[in-house]
file target37.cif (mmCIF, N, CA and C atoms and all ligand atoms)
data_entry
#
loop_
_atom_site.label_atom_id
_atom_site.label_comp_id
_atom_site.auth_asym_id
_atom_site.auth_seq_id
_atom_site.Cartn_x
_atom_site.Cartn_y
_atom_site.Cartn_z
N MET A 1 59.22 -26.00 -62.15
CA MET A 1 58.52 -24.75 -61.87
C MET A 1 59.24 -23.95 -60.81
N LEU A 2 59.34 -22.69 -61.02
CA LEU A 2 60.04 -21.81 -60.08
C LEU A 2 59.18 -21.55 -58.84
N ARG A 3 59.77 -21.78 -57.69
CA ARG A 3 59.01 -21.54 -56.46
C ARG A 3 59.33 -20.16 -55.90
N ILE A 4 58.32 -19.39 -55.63
CA ILE A 4 58.50 -18.04 -55.09
C ILE A 4 58.13 -18.07 -53.60
N PRO A 5 59.01 -17.53 -52.75
CA PRO A 5 58.67 -17.52 -51.32
C PRO A 5 57.35 -16.79 -51.08
N LEU A 6 56.63 -17.24 -50.09
CA LEU A 6 55.29 -16.72 -49.81
C LEU A 6 55.29 -15.21 -49.59
N THR A 7 56.27 -14.71 -48.85
CA THR A 7 56.29 -13.27 -48.53
C THR A 7 56.44 -12.45 -49.80
N LEU A 8 57.31 -12.94 -50.69
CA LEU A 8 57.55 -12.23 -51.94
C LEU A 8 56.30 -12.24 -52.81
N ARG A 9 55.65 -13.41 -52.83
CA ARG A 9 54.44 -13.56 -53.62
C ARG A 9 53.37 -12.57 -53.16
N ARG A 10 53.26 -12.45 -51.83
CA ARG A 10 52.27 -11.53 -51.26
C ARG A 10 52.55 -10.09 -51.69
N ARG A 11 53.83 -9.74 -51.68
CA ARG A 11 54.20 -8.38 -52.04
C ARG A 11 53.87 -8.11 -53.52
N MET A 12 54.09 -9.12 -54.35
CA MET A 12 53.82 -8.95 -55.78
C MET A 12 52.32 -8.82 -56.04
N LEU A 13 51.53 -9.46 -55.22
CA LEU A 13 50.09 -9.43 -55.41
C LEU A 13 49.46 -8.14 -54.90
N LEU A 14 50.17 -7.47 -54.01
CA LEU A 14 49.59 -6.33 -53.30
C LEU A 14 48.97 -5.26 -54.19
N PRO A 15 49.64 -4.81 -55.27
CA PRO A 15 49.02 -3.75 -56.09
C PRO A 15 47.66 -4.15 -56.65
N MET A 16 47.47 -5.44 -56.85
CA MET A 16 46.19 -5.90 -57.40
C MET A 16 45.17 -6.17 -56.31
N ALA A 17 45.65 -6.23 -55.08
CA ALA A 17 44.78 -6.69 -53.99
C ALA A 17 43.85 -5.60 -53.45
N GLY A 18 44.07 -4.36 -53.90
CA GLY A 18 43.29 -3.26 -53.36
C GLY A 18 41.79 -3.49 -53.39
N ALA A 19 41.31 -3.99 -54.51
CA ALA A 19 39.87 -4.20 -54.66
C ALA A 19 39.36 -5.32 -53.75
N LEU A 20 40.27 -6.23 -53.40
CA LEU A 20 39.87 -7.36 -52.57
C LEU A 20 40.01 -7.05 -51.08
N ALA A 21 40.73 -5.98 -50.78
CA ALA A 21 41.10 -5.70 -49.39
C ALA A 21 39.90 -5.66 -48.46
N SER A 22 38.78 -5.15 -48.95
CA SER A 22 37.63 -5.00 -48.07
C SER A 22 37.08 -6.36 -47.63
N SER A 23 37.29 -7.38 -48.42
CA SER A 23 36.72 -8.68 -48.06
C SER A 23 37.72 -9.63 -47.41
N VAL A 24 39.00 -9.51 -47.73
CA VAL A 24 39.94 -10.50 -47.21
C VAL A 24 40.90 -9.94 -46.15
N GLY A 25 40.94 -8.63 -45.95
CA GLY A 25 41.80 -8.07 -44.91
C GLY A 25 43.27 -8.33 -45.16
N VAL A 26 43.82 -7.71 -46.18
CA VAL A 26 45.20 -7.94 -46.58
C VAL A 26 46.17 -7.41 -45.53
N GLN A 27 47.07 -8.27 -45.10
CA GLN A 27 48.20 -7.89 -44.26
C GLN A 27 47.87 -7.08 -43.01
N ALA A 28 46.78 -7.42 -42.35
CA ALA A 28 46.52 -6.80 -41.06
C ALA A 28 47.55 -7.31 -40.07
N ALA A 29 48.04 -6.43 -39.22
CA ALA A 29 49.08 -6.81 -38.29
C ALA A 29 48.58 -6.69 -36.86
N GLU A 30 49.25 -7.39 -35.96
CA GLU A 30 48.95 -7.21 -34.55
C GLU A 30 50.12 -6.41 -33.96
N LEU A 31 49.81 -5.23 -33.45
CA LEU A 31 50.86 -4.32 -33.02
C LEU A 31 50.72 -3.99 -31.54
N THR A 32 51.83 -4.05 -30.84
CA THR A 32 51.82 -3.74 -29.41
C THR A 32 52.68 -2.51 -29.15
N PHE A 33 52.13 -1.58 -28.37
CA PHE A 33 52.89 -0.38 -28.01
C PHE A 33 52.97 -0.29 -26.49
N ASP A 34 54.17 -0.15 -25.99
CA ASP A 34 54.36 0.03 -24.55
C ASP A 34 54.47 1.51 -24.25
N LEU A 35 53.54 2.01 -23.44
CA LEU A 35 53.47 3.44 -23.18
C LEU A 35 53.59 3.70 -21.69
N LYS A 36 54.51 4.57 -21.34
CA LYS A 36 54.76 4.87 -19.94
C LYS A 36 54.32 6.30 -19.65
N ILE A 37 53.46 6.45 -18.66
CA ILE A 37 52.99 7.78 -18.26
C ILE A 37 53.74 8.21 -17.01
N GLU A 38 54.42 9.34 -17.10
CA GLU A 38 55.11 9.90 -15.94
C GLU A 38 54.65 11.33 -15.75
N HIS A 39 54.22 11.64 -14.54
CA HIS A 39 53.68 12.98 -14.25
C HIS A 39 52.60 13.38 -15.26
N GLY A 40 51.78 12.42 -15.64
CA GLY A 40 50.67 12.71 -16.54
C GLY A 40 51.05 12.90 -17.99
N GLN A 41 52.26 12.47 -18.36
CA GLN A 41 52.69 12.63 -19.76
C GLN A 41 53.41 11.40 -20.29
N VAL A 42 53.32 11.25 -21.60
CA VAL A 42 54.05 10.19 -22.29
C VAL A 42 55.26 10.86 -22.97
N ALA A 43 56.38 10.15 -23.04
CA ALA A 43 57.58 10.71 -23.67
C ALA A 43 57.26 11.19 -25.09
N PRO A 44 57.81 12.35 -25.49
CA PRO A 44 57.47 12.95 -26.79
C PRO A 44 57.60 12.01 -27.98
N ASN A 45 58.58 11.11 -27.96
CA ASN A 45 58.76 10.22 -29.12
C ASN A 45 57.73 9.09 -29.17
N MET A 46 56.86 9.01 -28.17
CA MET A 46 55.81 7.97 -28.17
C MET A 46 54.41 8.57 -28.26
N ARG A 47 54.32 9.84 -28.57
CA ARG A 47 53.01 10.50 -28.55
C ARG A 47 52.22 10.33 -29.83
N LEU A 48 52.87 9.85 -30.88
CA LEU A 48 52.15 9.62 -32.14
C LEU A 48 52.26 8.15 -32.51
N ILE A 49 51.12 7.49 -32.60
CA ILE A 49 51.08 6.07 -32.93
C ILE A 49 50.39 5.93 -34.27
N ARG A 50 51.08 5.31 -35.23
CA ARG A 50 50.51 5.19 -36.57
C ARG A 50 50.27 3.71 -36.88
N VAL A 51 49.05 3.42 -37.25
CA VAL A 51 48.69 2.05 -37.60
C VAL A 51 47.86 2.07 -38.88
N LYS A 52 47.58 0.88 -39.38
CA LYS A 52 46.74 0.77 -40.57
C LYS A 52 45.40 0.18 -40.19
N GLN A 53 44.43 0.53 -40.99
CA GLN A 53 43.08 0.01 -40.80
C GLN A 53 43.14 -1.53 -40.75
N ARG A 54 42.38 -2.09 -39.84
CA ARG A 54 42.26 -3.53 -39.60
C ARG A 54 43.38 -4.10 -38.74
N ASP A 55 44.39 -3.30 -38.44
CA ASP A 55 45.41 -3.79 -37.51
C ASP A 55 44.77 -4.02 -36.15
N VAL A 56 45.28 -5.03 -35.47
CA VAL A 56 44.87 -5.24 -34.08
C VAL A 56 45.90 -4.52 -33.22
N VAL A 57 45.43 -3.52 -32.48
CA VAL A 57 46.33 -2.64 -31.74
C VAL A 57 46.21 -2.91 -30.26
N LYS A 58 47.36 -3.13 -29.65
CA LYS A 58 47.38 -3.34 -28.21
C LYS A 58 48.24 -2.25 -27.57
N LEU A 59 47.62 -1.45 -26.72
CA LEU A 59 48.35 -0.41 -26.00
C LEU A 59 48.55 -0.90 -24.58
N ARG A 60 49.80 -0.98 -24.16
CA ARG A 60 50.11 -1.44 -22.80
C ARG A 60 50.58 -0.25 -21.99
N TRP A 61 49.77 0.13 -21.01
CA TRP A 61 50.01 1.35 -20.25
C TRP A 61 50.64 1.07 -18.89
N ALA A 62 51.67 1.86 -18.59
CA ALA A 62 52.23 1.87 -17.24
C ALA A 62 52.15 3.31 -16.75
N THR A 63 52.01 3.49 -15.45
CA THR A 63 51.86 4.84 -14.92
C THR A 63 52.47 4.96 -13.53
N ASP A 64 52.80 6.18 -13.16
CA ASP A 64 53.35 6.40 -11.82
C ASP A 64 52.26 6.87 -10.84
N GLN A 65 51.03 7.01 -11.35
CA GLN A 65 49.91 7.38 -10.48
C GLN A 65 48.61 6.85 -11.07
N PRO A 66 47.60 6.60 -10.23
CA PRO A 66 46.35 6.07 -10.77
C PRO A 66 45.66 7.07 -11.68
N LEU A 67 45.22 6.59 -12.86
CA LEU A 67 44.61 7.47 -13.86
C LEU A 67 43.48 6.74 -14.58
N THR A 68 42.65 7.53 -15.23
CA THR A 68 41.66 6.96 -16.15
C THR A 68 41.94 7.51 -17.54
N LEU A 69 42.09 6.61 -18.49
CA LEU A 69 42.38 6.99 -19.88
C LEU A 69 41.14 6.82 -20.73
N HIS A 70 41.04 7.66 -21.75
CA HIS A 70 39.90 7.57 -22.65
C HIS A 70 40.38 7.69 -24.09
N LEU A 71 40.16 6.63 -24.86
CA LEU A 71 40.46 6.67 -26.29
C LEU A 71 39.20 7.11 -27.02
N HIS A 72 39.27 8.31 -27.56
CA HIS A 72 38.10 8.86 -28.25
C HIS A 72 37.86 8.15 -29.57
N GLY A 73 36.66 8.27 -30.08
CA GLY A 73 36.31 7.62 -31.34
C GLY A 73 35.98 6.17 -31.12
N TYR A 74 36.93 5.42 -30.62
CA TYR A 74 36.68 4.01 -30.29
C TYR A 74 36.00 3.90 -28.93
N ASP A 75 36.05 5.01 -28.21
CA ASP A 75 35.36 5.14 -26.93
C ASP A 75 35.69 4.01 -25.96
N ILE A 76 36.99 3.89 -25.68
CA ILE A 76 37.43 2.90 -24.70
C ILE A 76 37.95 3.65 -23.48
N GLU A 77 37.41 3.31 -22.33
CA GLU A 77 37.89 3.91 -21.09
C GLU A 77 38.64 2.85 -20.31
N GLN A 78 39.78 3.22 -19.76
CA GLN A 78 40.63 2.25 -19.09
C GLN A 78 41.26 2.85 -17.85
N LYS A 79 41.09 2.19 -16.74
CA LYS A 79 41.75 2.63 -15.50
C LYS A 79 43.16 2.05 -15.46
N VAL A 80 44.09 2.85 -15.01
CA VAL A 80 45.47 2.40 -14.88
C VAL A 80 45.94 2.66 -13.46
N GLU A 81 46.51 1.63 -12.86
CA GLU A 81 47.04 1.77 -11.49
C GLU A 81 48.56 1.77 -11.55
N ALA A 82 49.17 2.49 -10.62
CA ALA A 82 50.63 2.49 -10.54
C ALA A 82 51.13 1.07 -10.25
N GLY A 83 52.21 0.68 -10.89
CA GLY A 83 52.82 -0.62 -10.63
C GLY A 83 52.19 -1.78 -11.37
N THR A 84 51.21 -1.51 -12.24
CA THR A 84 50.62 -2.57 -13.04
C THR A 84 50.58 -2.13 -14.51
N ILE A 85 50.34 -3.09 -15.38
CA ILE A 85 50.19 -2.78 -16.80
C ILE A 85 48.70 -2.92 -17.15
N ALA A 86 48.15 -1.89 -17.77
CA ALA A 86 46.76 -1.95 -18.21
C ALA A 86 46.75 -2.04 -19.73
N GLU A 87 45.98 -2.97 -20.26
CA GLU A 87 45.94 -3.15 -21.70
C GLU A 87 44.66 -2.60 -22.32
N MET A 88 44.84 -1.92 -23.44
CA MET A 88 43.73 -1.44 -24.26
C MET A 88 43.91 -2.14 -25.59
N LYS A 89 42.95 -2.98 -25.96
CA LYS A 89 43.10 -3.71 -27.22
C LYS A 89 41.90 -3.44 -28.11
N PHE A 90 42.17 -3.14 -29.35
CA PHE A 90 41.07 -2.89 -30.28
C PHE A 90 41.52 -3.14 -31.71
N THR A 91 40.56 -3.39 -32.57
CA THR A 91 40.82 -3.52 -34.00
C THR A 91 40.55 -2.17 -34.63
N ALA A 92 41.52 -1.68 -35.39
CA ALA A 92 41.44 -0.34 -35.96
C ALA A 92 40.49 -0.32 -37.15
N ARG A 93 39.21 -0.38 -36.87
CA ARG A 93 38.22 -0.42 -37.95
C ARG A 93 38.02 0.94 -38.61
N ALA A 94 38.01 1.99 -37.80
CA ALA A 94 37.77 3.34 -38.31
C ALA A 94 39.09 4.05 -38.56
N THR A 95 39.17 4.75 -39.70
CA THR A 95 40.37 5.53 -40.00
C THR A 95 40.21 6.94 -39.43
N GLY A 96 41.35 7.60 -39.22
CA GLY A 96 41.32 8.97 -38.72
C GLY A 96 42.31 9.15 -37.57
N ARG A 97 42.13 10.28 -36.88
CA ARG A 97 43.02 10.60 -35.74
C ARG A 97 42.21 10.51 -34.46
N PHE A 98 42.73 9.74 -33.53
CA PHE A 98 41.99 9.50 -32.29
C PHE A 98 42.86 9.80 -31.08
N PRO A 99 42.50 10.80 -30.30
CA PRO A 99 43.31 11.14 -29.13
C PRO A 99 42.99 10.25 -27.92
N VAL A 100 44.02 10.03 -27.13
CA VAL A 100 43.82 9.42 -25.81
C VAL A 100 44.02 10.53 -24.78
N HIS A 101 42.99 10.75 -23.97
CA HIS A 101 43.03 11.79 -22.95
C HIS A 101 43.03 11.17 -21.56
N LEU A 102 43.43 11.98 -20.62
CA LEU A 102 43.23 11.61 -19.22
C LEU A 102 41.85 12.07 -18.82
N HIS A 103 41.17 11.23 -18.08
CA HIS A 103 39.89 11.63 -17.52
C HIS A 103 40.06 11.91 -16.05
N ASP A 104 39.40 12.95 -15.64
CA ASP A 104 39.38 13.28 -14.22
C ASP A 104 38.39 12.31 -13.56
N ALA A 105 38.83 11.66 -12.51
CA ALA A 105 37.98 10.67 -11.83
C ALA A 105 36.68 11.29 -11.31
N ARG A 106 36.72 12.60 -11.06
CA ARG A 106 35.53 13.27 -10.50
C ARG A 106 34.49 13.57 -11.58
N GLU A 107 34.93 13.55 -12.84
CA GLU A 107 33.99 13.86 -13.92
C GLU A 107 33.19 12.62 -14.29
N ARG A 108 31.99 12.85 -14.73
CA ARG A 108 31.16 11.73 -15.17
C ARG A 108 31.33 11.56 -16.67
N ALA A 109 31.31 10.32 -17.08
CA ALA A 109 31.44 10.04 -18.51
C ALA A 109 30.35 10.76 -19.29
N GLY A 110 30.71 11.30 -20.44
CA GLY A 110 29.72 11.98 -21.27
C GLY A 110 29.63 13.46 -21.00
N SER A 111 30.15 13.89 -19.86
CA SER A 111 30.07 15.32 -19.55
C SER A 111 31.45 15.90 -19.27
N HIS A 112 32.47 15.26 -19.84
CA HIS A 112 33.83 15.70 -19.54
C HIS A 112 34.33 16.72 -20.56
N SER A 113 35.30 17.49 -20.14
CA SER A 113 35.94 18.43 -21.05
C SER A 113 37.41 18.04 -21.20
N HIS A 114 38.02 18.46 -22.30
CA HIS A 114 39.42 18.13 -22.54
C HIS A 114 40.19 19.40 -22.86
N HIS A 115 40.75 19.99 -21.86
CA HIS A 115 41.47 21.25 -22.08
C HIS A 115 42.93 21.01 -22.41
N GLU A 116 43.46 19.89 -21.97
CA GLU A 116 44.89 19.64 -22.17
C GLU A 116 45.13 18.87 -23.47
N PRO A 117 46.35 19.00 -24.01
CA PRO A 117 46.66 18.22 -25.21
C PRO A 117 46.59 16.73 -24.90
N PRO A 118 46.30 15.89 -25.90
CA PRO A 118 46.16 14.46 -25.64
C PRO A 118 47.47 13.82 -25.17
N LEU A 119 47.34 12.74 -24.43
CA LEU A 119 48.50 11.95 -24.01
C LEU A 119 49.21 11.39 -25.22
N VAL A 120 48.44 10.74 -26.07
CA VAL A 120 48.95 10.24 -27.34
C VAL A 120 47.86 10.43 -28.39
N LEU A 121 48.30 10.41 -29.64
CA LEU A 121 47.39 10.53 -30.76
C LEU A 121 47.55 9.27 -31.60
N ILE A 122 46.46 8.62 -31.92
CA ILE A 122 46.52 7.42 -32.74
C ILE A 122 46.02 7.75 -34.13
N GLU A 123 46.87 7.53 -35.12
CA GLU A 123 46.47 7.76 -36.50
C GLU A 123 46.25 6.42 -37.19
N VAL A 124 45.05 6.23 -37.69
CA VAL A 124 44.71 4.99 -38.41
C VAL A 124 44.60 5.32 -39.89
N TYR A 125 45.48 4.74 -40.68
CA TYR A 125 45.51 5.01 -42.13
C TYR A 125 44.72 3.96 -42.90
N PRO A 126 44.09 4.38 -43.99
CA PRO A 126 43.37 3.40 -44.81
C PRO A 126 44.35 2.36 -45.34
N GLN A 127 43.86 1.15 -45.53
CA GLN A 127 44.73 0.08 -45.99
C GLN A 127 45.13 0.23 -47.43
CU CU B 201 37.40 11.68 -22.93
#

call {"tool": "encode", "arguments": {"input": "target37.cif", "output": "structure tokens"}}
result
Amino acid sequence: MLRIPLTLRRRMLLPMAGALASSVGVQAAELTFDLKIEHGQVAPNMRLIRVKQRDVVKLRWATDQPLTLHLHGYDIEQKVEAGTIAEMKFTARATGRFPVHLHDARERAGSHSHHEPPLVLIEVYPQ
């Protein structure tokens, strides 16, 4: 009997797996992104993060000044201190575009405004 490597077998099954995807979570990945904030901005080539639904996403933030970050939609708020790495980890359950903004420490959660463009934009694609 011909033996097919597991990775190849998985790829061959994929077109048929669509209907099963909702129950078995086909090919969810764990993805880590290292993001550096300088002067309140992330480098242009790191401002768009694309993942797939069900991926486990880890954002590792470094900054040159203390900040509060807010991932909209998933509603995760994270403080970041200079000289340390702050991690934001979540499972990408909801699809769509989700901005990460800076929060002003003086503003209270729920009553904030976002006038500036987002630090990064996270796009979650359907599986
Ligand atoms: Cu916000």

call {"tool": "closest_atom_pairs", "arguments": {"input": "target37.cif", "of": "chain A", "to": "ligand CU 201 (chain B)", "cutoff": "6 Å", "atoms": "only C-alpha atoms and all ligand atoms", "output": "tab-separated table"}}
result
residue	atom	partner	partner_atom	distance
A:His70	CA	B:CU201	CU	4.8
A:His101	CA	B:CU201	CU	5.6
A:His103	CA	B:CU201	CU	6.0

call {"tool": "atom_distance", "arguments": {"input": "target37.cif", "atom1": "atom C of A:Ile122", "atom2": "atom C of A:Thr91"}}
result
11.3 Å

call {"tool": "atom_distance", "arguments": {"input": "target37.cif", "atom1": "atom N of A:Gly83", "atom2": "atom CA of A:Arg60"}}
result
12.3 Å

call {"tool": "residues_around", "arguments": {"input": "target37.cif", "residues": "A:Lys52", "least_positions_apart": "5", "cutoff": "7 Å", "atoms": "only N, CA and C atoms", "output": "NGL selection string"}}
result
:A and (92 or 123-127)

call {"tool": "closest_residue", "arguments": {"input": "target37.cif", "among": "A:Ala28, A:His72, A:Thr84, A:Phe98", "to": "A:Leu121", "atoms": "only N, CA and C atoms"}}
result
A:Phe98

call {"tool": "residues_around", "arguments": {"input": "target37.cif", "residues": "A:Leu31", "least_positions_apart": "3", "cutoff": "6 Å", "atoms": "all atoms listed in the file", "output": "PyMOL selection string"}}
result
chain A and resi 55-58

call {"tool": "closest_residue", "arguments": {"input": "target37.cif", "among": "A:Gly73, A:Pro99, A:Pro117, A:Pro66", "to": "A:His39", "atoms": "only C-alpha atoms"}}
result
A:Pro66

call {"tool": "atom_distance", "arguments": {"input": "target37.cif", "atom1": "atom CA of A:Gly40", "atom2": "atom N of A:Glu77"}}
result
17.3 Å

call {"tool": "select_by_dssp", "arguments": {"input": "target37.cif", "residues": "stretch 15-102 of chain A", "states": "strand (DSSP E or B)", "output": "NGL selection string"}}
result
:A and (30-38 or 41-42 or 48-52 or 56-63 or 67-71 or 76-80 or 86-91 or 96-102)

call {"tool": "closest_residue", "arguments": {"input": "target37.cif", "among": "A:Asp104, A:Asp75, A:Lys36, A:Trp61", "to": "A:Met88", "atoms": "all atoms listed in the file"}}
result
A:Trp61
